[in-house]
Amino acid sequence: MLNIVMISTGEEVLYGDIADTNAAWLSALFFEQGFAMTRRVTVGDDYEALAKEIEMCSLSADIVIVNGGLGPTSDDLTAASAAMAANVGLEQSDAWVAEMTTKYQQLGRVMPDANLKQAMLPEGAELIDNPVGTACGFMMQLNRAWLFFTPGVPSEFKVMVKDQILPRLQTMFNVVDSKVCHRLYTYGLSESSISDLFQVLILPDGYSLGYRSSLPFIEIKLFAPQDGIQVTALLSQMIALLGDNIVGEGCPLLETIASLLPQQASLALSEQSSGGFAINWLQDVPALSTKLAVSEVMADNIDDHAEAEELSTLIALRAQRLHLHAPATYTLTTGPSSTDGSFMLGLTTPDGCWCQQLVFKRQYNNYNRRWIIATVMFDMLRRHLQGEEVFGCYESLDRIATETL
């Protein structure tokens, strides 16, 4: 089994100013490709400390990925630390100077002298191309380890790993334990409830489960061998156990909705208690955002029909008002929230209108409240499109009332 270590660099990562998303992403990708990571460590912007960590890792690891610290500023110390660990000097890569110069010329700018620092590599290191930015990567062998040095900008890091580093590793090491990851996205169940449901699962050798909880969703990952013949049966069993709390098979909730909507369908959104969260979220999915015909966001302290005794009256009024501006196939509504923590939701379709009032069982901050409200609203549409009961069961919410027209 290969010993693979990742070193993340930078004070902002060490002290939690930014989340180390690169490490999480790399760990997941490497696991799927048969290069399971054995250790991760973070080092601040300290020249000697980083050099010492690189040297120590090179004595015990087979592969070391060093992330960050390849920029042009004074706190970018990785190349110099790598040279110190290897007891070599730094030399300028004329090829990378030419590459950076071309990048700036294409932007109509003159390259600052500070960028020359990014072409200074440890003697004997092999340059790794960065087609996205100006920080090249490089690789070198030290003691028993192959060391790969990568930029910290996620968009540059991911391209370099996928296109440059991973192909090299697959050539250098004979790894046969690569995995295929099958994903199920759920909402409404807790991790403990899912764990209880899965007690009946029997995983064959080479198969494993992973969970990623990111409020409000829980992503379940089934890792299987490339030629896993039992994947279909296992996934079918998992889907049956999770029932209609699955909001996506292989893709998240909004992408699922986008794939289910009829080609000519359109959406209208009226938000109050969700405060515009749903509209902003929808814009992140181009295939769904193009379906938006009209939208409105109202202050949560305004009830445009406070005297209405029926949920359906409020929902119908909102749908009618939006329809005057732009007729839509489906109208999604979040009504006002109450002092007791309850909130109203509505879905209007060519087949009818569904309204419900829910209340939180526990306290959430304002951001998470709006995210959950928007999630339940979109889940009503997902359920309708899949022919399921529109009113779902959610462990964190109680249902106060429902109306169907």
# chains A, B, ... in the order shown; residues from 1 in each chain; ligands from 1
call {"tool": "residues_around", "arguments": {"residues": "Thr21 in chain A", "least_positions_apart": "2", "cutoff": "12 Å", "atoms": "only C-alpha atoms", "output": "PDB file with N, CA and C atoms, in the first residue's frame"}}
result
ATOM      1  N   SER A   8      -0.425  20.993   3.051  1.00  0.00           N
ATOM      2  CA  SER A   8      -1.064  22.260   2.688  1.00  0.00           C
ATOM      3  C   SER A   8      -0.292  23.386   3.349  1.00  0.00           C
ATOM      4  N   VAL A  13      -4.768  28.981   5.741  1.00  0.00           N
ATOM      5  CA  VAL A  13      -5.272  27.618   5.879  1.00  0.00           C
ATOM      6  C   VAL A  13      -5.031  27.103   7.291  1.00  0.00           C
ATOM      7  N   GLY A  16      -7.448  28.692   9.780  1.00  0.00           N
ATOM      8  CA  GLY A  16      -8.871  28.554   9.494  1.00  0.00           C
ATOM      9  C   GLY A  16      -9.535  29.739   8.853  1.00  0.00           C
ATOM     10  N   ILE A  18      -9.560  30.307   5.721  1.00  0.00           N
ATOM     11  CA  ILE A  18     -10.243  29.692   4.586  1.00  0.00           C
ATOM     12  C   ILE A  18     -10.262  28.185   4.804  1.00  0.00           C
ATOM     13  N   ALA A  19     -11.283  27.532   4.295  1.00  0.00           N
ATOM     14  CA  ALA A  19     -11.380  26.078   4.414  1.00  0.00           C
ATOM     15  C   ALA A  19     -10.435  25.418   3.407  1.00  0.00           C
ATOM     16  N   ALA A  23      -7.610  20.038  -0.095  1.00  0.00           N
ATOM     17  CA  ALA A  23      -7.253  18.768   0.551  1.00  0.00           C
ATOM     18  C   ALA A  23      -8.416  17.787   0.501  1.00  0.00           C
ATOM     19  N   ALA A  24      -9.620  18.270   0.772  1.00  0.00           N
ATOM     20  CA  ALA A  24     -10.796  17.397   0.745  1.00  0.00           C
ATOM     21  C   ALA A  24     -11.030  16.863  -0.661  1.00  0.00           C
ATOM     22  N   TRP A  25     -10.903  17.745  -1.650  1.00  0.00           N
ATOM     23  CA  TRP A  25     -11.109  17.343  -3.040  1.00  0.00           C
ATOM     24  C   TRP A  25     -10.068  16.309  -3.482  1.00  0.00           C
ATOM     25  N   LEU A  26      -8.805  16.576  -3.157  1.00  0.00           N
ATOM     26  CA  LEU A  26      -7.747  15.658  -3.568  1.00  0.00           C
ATOM     27  C   LEU A  26      -7.892  14.303  -2.888  1.00  0.00           C
ATOM     28  N   SER A  27      -8.235  14.313  -1.622  1.00  0.00           N
ATOM     29  CA  SER A  27      -8.389  13.060  -0.888  1.00  0.00           C
ATOM     30  C   SER A  27      -9.463  12.195  -1.531  1.00  0.00           C
ATOM     31  N   ALA A  28     -10.590  12.798  -1.911  1.00  0.00           N
ATOM     32  CA  ALA A  28     -11.681  12.047  -2.537  1.00  0.00           C
ATOM     33  C   ALA A  28     -11.272  11.527  -3.913  1.00  0.00           C
ATOM     34  N   ASN A  67       0.828  21.711  -1.534  1.00  0.00           N
ATOM     35  CA  ASN A  67      -0.138  22.626  -2.139  1.00  0.00           C
ATOM     36  C   ASN A  67       0.018  24.036  -1.602  1.00  0.00           C
ATOM     37  N   GLY A 152      -1.985  26.943  -5.069  1.00  0.00           N
ATOM     38  CA  GLY A 152      -3.080  26.861  -4.107  1.00  0.00           C
ATOM     39  C   GLY A 152      -4.428  27.278  -4.653  1.00  0.00           C
ATOM     40  N   VAL A 153      -4.469  28.030  -5.759  1.00  0.00           N
ATOM     41  CA  VAL A 153      -5.741  28.455  -6.330  1.00  0.00           C
ATOM     42  C   VAL A 153      -6.499  27.207  -6.802  1.00  0.00           C
ATOM     43  N   PRO A 154      -7.699  26.946  -6.276  1.00  0.00           N
ATOM     44  CA  PRO A 154      -8.388  25.688  -6.578  1.00  0.00           C
ATOM     45  C   PRO A 154      -8.549  25.388  -8.057  1.00  0.00           C
ATOM     46  N   SER A 155      -8.913  26.381  -8.862  1.00  0.00           N
ATOM     47  CA  SER A 155      -9.122  26.127 -10.290  1.00  0.00           C
ATOM     48  C   SER A 155      -7.829  25.690 -10.966  1.00  0.00           C
ATOM     49  N   PHE A 157      -5.152  24.303  -9.271  1.00  0.00           N
ATOM     50  CA  PHE A 157      -4.753  23.062  -8.611  1.00  0.00           C
ATOM     51  C   PHE A 157      -5.462  21.859  -9.212  1.00  0.00           C
ATOM     52  N   LYS A 158      -6.764  21.967  -9.405  1.00  0.00           N
ATOM     53  CA  LYS A 158      -7.545  20.824  -9.885  1.00  0.00           C
ATOM     54  C   LYS A 158      -7.180  20.449 -11.309  1.00  0.00           C
TER      55      LYS A 158
END
call {"tool": "select_by_dssp", "arguments": {"residues": "range 143-252 of chain A", "states": "strand (DSSP E)", "output": "ChimeraX atom specification"}}
result
/A:145-150,179-187,208-214,217-225,246-249
call {"tool": "closest_residue", "arguments": {"among": "A:Arg383, A:Arg370, A:Arg109, A:Arg40", "to": "Gly243 in chain A", "atoms": "only C-alpha atoms"}}
result
A:Arg383
call {"tool": "residues_around", "arguments": {"residues": "range 91-104 of chain A", "least_positions_apart": "5", "cutoff": "10 Å", "atoms": "only C-alpha atoms", "output": "ChimeraX atom specification"}}
result
/A:83,109-112,115-136
call {"tool": "residues_around", "arguments": {"residues": "Val66 in chain A", "least_positions_apart": "4", "cutoff": "8 Å", "atoms": "only C-alpha atoms", "output": "PyMOL selection string"}}
result
chain A and resi 6-9+147-150
call {"tool": "residues_around", "arguments": {"residues": "Thr38 in chain A", "least_positions_apart": "2", "cutoff": "7 Å", "atoms": "only C-alpha atoms", "output": "PyMOL selection string"}}
result
chain A and resi 3-5+36
call {"tool": "closest_residue", "arguments": {"among": "A:Asp205, A:Asp177, A:Asp340, A:Glu249", "to": "Gln363 in chain A", "atoms": "only C-alpha atoms"}}
result
A:Asp340
call {"tool": "select_by_dssp", "arguments": {"residues": "range 278-387 of chain A", "states": "alpha helix (DSSP H)", "output": "short mmCIF file (atom, residue, chain, number, x, y, z; two decimals) with N, CA and C atoms, in the first residue's frame"}}
result
data_model
loop_
_atom_site.label_atom_id
_atom_site.label_comp_id
_atom_site.auth_asym_id
_atom_site.auth_seq_id
_atom_site.Cartn_x
_atom_site.Cartn_y
_atom_site.Cartn_z
N ALA A 278 -33.79 30.99 -2.66
CA ALA A 278 -34.12 30.04 -3.72
C ALA A 278 -33.75 30.59 -5.09
N ILE A 279 -34.02 31.88 -5.31
CA ILE A 279 -33.72 32.48 -6.62
C ILE A 279 -32.21 32.48 -6.86
N ASN A 280 -31.44 32.86 -5.85
CA ASN A 280 -29.98 32.86 -5.99
C ASN A 280 -29.44 31.45 -6.21
N TRP A 281 -29.98 30.49 -5.50
CA TRP A 281 -29.54 29.10 -5.63
C TRP A 281 -29.85 28.58 -7.03
N LEU A 282 -31.01 28.91 -7.52
CA LEU A 282 -31.42 28.47 -8.85
C LEU A 282 -30.48 28.99 -9.93
N PRO A 286 -27.47 26.48 -14.54
CA PRO A 286 -27.89 27.13 -15.80
C PRO A 286 -29.09 26.46 -16.45
N ALA A 287 -29.14 25.13 -16.41
CA ALA A 287 -30.25 24.43 -17.06
C ALA A 287 -31.58 24.74 -16.39
N LEU A 288 -31.54 25.19 -15.13
CA LEU A 288 -32.76 25.53 -14.40
C LEU A 288 -33.02 27.03 -14.43
N SER A 289 -31.97 27.83 -14.38
CA SER A 289 -32.15 29.28 -14.35
C SER A 289 -32.80 29.79 -15.63
N LEU A 311 -54.36 28.58 3.81
CA LEU A 311 -53.07 28.65 3.13
C LEU A 311 -53.26 28.83 1.64
N SER A 312 -54.19 28.10 1.09
CA SER A 312 -54.38 28.12 -0.36
C SER A 312 -54.73 29.50 -0.88
N THR A 313 -55.40 30.32 -0.05
CA THR A 313 -55.76 31.67 -0.49
C THR A 313 -54.52 32.50 -0.73
N LEU A 314 -53.59 32.45 0.21
CA LEU A 314 -52.34 33.20 0.06
C LEU A 314 -51.55 32.71 -1.15
N ILE A 315 -51.43 31.40 -1.29
CA ILE A 315 -50.66 30.84 -2.38
C ILE A 315 -51.29 31.19 -3.72
N ALA A 316 -52.61 31.11 -3.78
CA ALA A 316 -53.32 31.41 -5.03
C ALA A 316 -53.14 32.88 -5.42
N LEU A 317 -53.22 33.78 -4.44
CA LEU A 317 -53.03 35.20 -4.73
C LEU A 317 -51.64 35.48 -5.29
N ARG A 318 -50.62 34.84 -4.69
CA ARG A 318 -49.25 35.03 -5.19
C ARG A 318 -49.13 34.52 -6.62
N ALA A 319 -49.65 33.34 -6.88
CA ALA A 319 -49.55 32.74 -8.20
C ALA A 319 -50.27 33.60 -9.24
N GLN A 320 -51.46 34.12 -8.90
CA GLN A 320 -52.21 34.96 -9.83
C GLN A 320 -51.45 36.24 -10.15
N ARG A 321 -50.83 36.85 -9.12
CA ARG A 321 -50.10 38.10 -9.34
C ARG A 321 -48.91 37.88 -10.29
N LEU A 322 -48.16 36.79 -10.05
CA LEU A 322 -47.02 36.51 -10.91
C LEU A 322 -47.47 36.16 -12.33
N HIS A 323 -48.59 35.47 -12.43
CA HIS A 323 -49.10 35.04 -13.73
C HIS A 323 -49.42 36.24 -14.62
N LEU A 324 -49.82 37.35 -14.01
CA LEU A 324 -50.11 38.55 -14.77
C LEU A 324 -48.86 39.10 -15.45
N HIS A 325 -47.69 38.91 -14.79
CA HIS A 325 -46.43 39.42 -15.35
C HIS A 325 -45.86 38.46 -16.38
N ASN A 366 -30.12 32.26 10.67
CA ASN A 366 -30.97 32.77 9.60
C ASN A 366 -30.61 32.19 8.24
N TYR A 367 -29.31 32.05 7.97
CA TYR A 367 -28.87 31.50 6.69
C TYR A 367 -29.39 30.08 6.51
N ASN A 368 -29.21 29.24 7.51
CA ASN A 368 -29.64 27.84 7.40
C ASN A 368 -31.16 27.71 7.36
N ARG A 369 -31.86 28.60 8.07
CA ARG A 369 -33.32 28.59 8.00
C ARG A 369 -33.77 28.81 6.55
N ARG A 370 -33.21 29.83 5.92
CA ARG A 370 -33.61 30.15 4.55
C ARG A 370 -33.24 29.02 3.58
N TRP A 371 -32.10 28.37 3.83
CA TRP A 371 -31.67 27.27 2.97
C TRP A 371 -32.64 26.08 3.10
N ILE A 372 -33.03 25.78 4.33
CA ILE A 372 -33.95 24.66 4.55
C ILE A 372 -35.32 24.96 3.94
N ILE A 373 -35.82 26.17 4.13
CA ILE A 373 -37.12 26.54 3.56
C ILE A 373 -37.09 26.41 2.04
N ALA A 374 -36.04 26.92 1.42
CA ALA A 374 -35.90 26.81 -0.03
C ALA A 374 -35.80 25.36 -0.47
N THR A 375 -35.10 24.54 0.33
CA THR A 375 -34.94 23.13 -0.01
C THR A 375 -36.29 22.41 -0.02
N VAL A 376 -37.09 22.64 1.00
CA VAL A 376 -38.40 21.97 1.07
C VAL A 376 -39.29 22.44 -0.08
N MET A 377 -39.21 23.72 -0.40
CA MET A 377 -40.01 24.24 -1.52
C MET A 377 -39.63 23.53 -2.82
N PHE A 378 -38.33 23.44 -3.10
CA PHE A 378 -37.88 22.76 -4.32
C PHE A 378 -38.19 21.26 -4.27
N ASP A 379 -38.15 20.70 -3.06
CA ASP A 379 -38.44 19.28 -2.94
C ASP A 379 -39.90 18.99 -3.26
N MET A 380 -40.79 19.92 -2.98
CA MET A 380 -42.19 19.75 -3.37
C MET A 380 -42.29 19.60 -4.89
N LEU A 381 -41.56 20.43 -5.62
CA LEU A 381 -41.59 20.34 -7.07
C LEU A 381 -40.97 19.03 -7.55
N ARG A 382 -39.86 18.65 -6.95
CA ARG A 382 -39.20 17.39 -7.33
C ARG A 382 -40.14 16.21 -7.12
N ARG A 383 -40.82 16.19 -6.00
CA ARG A 383 -41.75 15.10 -5.70
C ARG A 383 -42.89 15.06 -6.72
N HIS A 384 -43.41 16.23 -7.03
CA HIS A 384 -44.51 16.29 -8.01
C HIS A 384 -44.04 15.76 -9.37
N LEU A 385 -42.86 16.16 -9.80
CA LEU A 385 -42.35 15.74 -11.11
C LEU A 385 -42.06 14.25 -11.16
#
call {"tool": "residues_around", "arguments": {"residues": "Ser195 in chain A", "least_positions_apart": "2", "cutoff": "12 Å", "atoms": "only C-alpha atoms", "output": "ChimeraX atom specification"}}
result
/A:189-193,197-201,209-211,218,220,238,241-242
call {"tool": "write_last_selection", "arguments": {"atoms": "N, CA and C atoms", "output": "PDB file, in the first residue's frame"}}
result
ATOM      1  N   LEU A 189     -33.516  12.964   6.286  1.00  0.00           N
ATOM      2  CA  LEU A 189     -33.062  11.939   7.219  1.00  0.00           C
ATOM      3  C   LEU A 189     -31.747  12.358   7.851  1.00  0.00           C
ATOM      4  N   SER A 190     -31.538  11.975   9.106  1.00  0.00           N
ATOM      5  CA  SER A 190     -30.268  12.239   9.780  1.00  0.00           C
ATOM      6  C   SER A 190     -29.271  11.138   9.442  1.00  0.00           C
ATOM      7  N   GLU A 191     -27.999  11.390   9.723  1.00  0.00           N
ATOM      8  CA  GLU A 191     -26.983  10.370   9.491  1.00  0.00           C
ATOM      9  C   GLU A 191     -27.263   9.114  10.313  1.00  0.00           C
ATOM     10  N   SER A 192     -27.694   9.312  11.553  1.00  0.00           N
ATOM     11  CA  SER A 192     -27.962   8.148  12.405  1.00  0.00           C
ATOM     12  C   SER A 192     -29.124   7.326  11.862  1.00  0.00           C
ATOM     13  N   SER A 193     -30.153   7.994  11.340  1.00  0.00           N
ATOM     14  CA  SER A 193     -31.284   7.267  10.764  1.00  0.00           C
ATOM     15  C   SER A 193     -30.861   6.483   9.527  1.00  0.00           C
ATOM     16  N   LEU A 197     -30.929   2.422   8.898  1.00  0.00           N
ATOM     17  CA  LEU A 197     -31.547   1.800   7.726  1.00  0.00           C
ATOM     18  C   LEU A 197     -30.582   0.852   7.020  1.00  0.00           C
ATOM     19  N   PHE A 198     -29.304   1.238   7.018  1.00  0.00           N
ATOM     20  CA  PHE A 198     -28.301   0.470   6.275  1.00  0.00           C
ATOM     21  C   PHE A 198     -27.724  -0.703   7.065  1.00  0.00           C
ATOM     22  N   GLN A 199     -28.250  -0.956   8.247  1.00  0.00           N
ATOM     23  CA  GLN A 199     -27.759  -2.093   9.026  1.00  0.00           C
ATOM     24  C   GLN A 199     -27.947  -3.410   8.278  1.00  0.00           C
ATOM     25  N   VAL A 200     -28.929  -3.461   7.407  1.00  0.00           N
ATOM     26  CA  VAL A 200     -29.211  -4.710   6.695  1.00  0.00           C
ATOM     27  C   VAL A 200     -28.320  -4.890   5.471  1.00  0.00           C
ATOM     28  N   LEU A 201     -27.578  -3.832   5.107  1.00  0.00           N
ATOM     29  CA  LEU A 201     -26.708  -3.930   3.942  1.00  0.00           C
ATOM     30  C   LEU A 201     -25.519  -4.840   4.237  1.00  0.00           C
ATOM     31  N   LEU A 209     -18.839   2.383   2.084  1.00  0.00           N
ATOM     32  CA  LEU A 209     -19.761   3.517   2.092  1.00  0.00           C
ATOM     33  C   LEU A 209     -19.077   4.740   2.676  1.00  0.00           C
ATOM     34  N   GLY A 210     -19.436   5.899   2.168  1.00  0.00           N
ATOM     35  CA  GLY A 210     -18.968   7.162   2.720  1.00  0.00           C
ATOM     36  C   GLY A 210     -20.135   8.121   2.838  1.00  0.00           C
ATOM     37  N   TYR A 211     -20.043   9.038   3.794  1.00  0.00           N
ATOM     38  CA  TYR A 211     -21.115  10.009   4.017  1.00  0.00           C
ATOM     39  C   TYR A 211     -20.524  11.413   4.011  1.00  0.00           C
ATOM     40  N   ILE A 218     -27.512  15.173   2.935  1.00  0.00           N
ATOM     41  CA  ILE A 218     -26.520  14.152   3.254  1.00  0.00           C
ATOM     42  C   ILE A 218     -26.256  13.385   1.957  1.00  0.00           C
ATOM     43  N   ILE A 220     -24.536  10.293   0.137  1.00  0.00           N
ATOM     44  CA  ILE A 220     -24.086   8.931   0.438  1.00  0.00           C
ATOM     45  C   ILE A 220     -23.302   8.426  -0.766  1.00  0.00           C
ATOM     46  N   MET A 238     -30.204   0.186  -1.554  1.00  0.00           N
ATOM     47  CA  MET A 238     -30.056   1.457  -0.856  1.00  0.00           C
ATOM     48  C   MET A 238     -31.178   2.415  -1.208  1.00  0.00           C
ATOM     49  N   LEU A 241     -34.332   1.460   0.566  1.00  0.00           N
ATOM     50  CA  LEU A 241     -34.284   1.767   1.995  1.00  0.00           C
ATOM     51  C   LEU A 241     -34.481   3.260   2.256  1.00  0.00           C
ATOM     52  N   LEU A 242     -33.927   4.091   1.408  1.00  0.00           N
ATOM     53  CA  LEU A 242     -34.001   5.540   1.609  1.00  0.00           C
ATOM     54  C   LEU A 242     -35.326   6.112   1.140  1.00  0.00           C
TER      55      LEU A 242
END
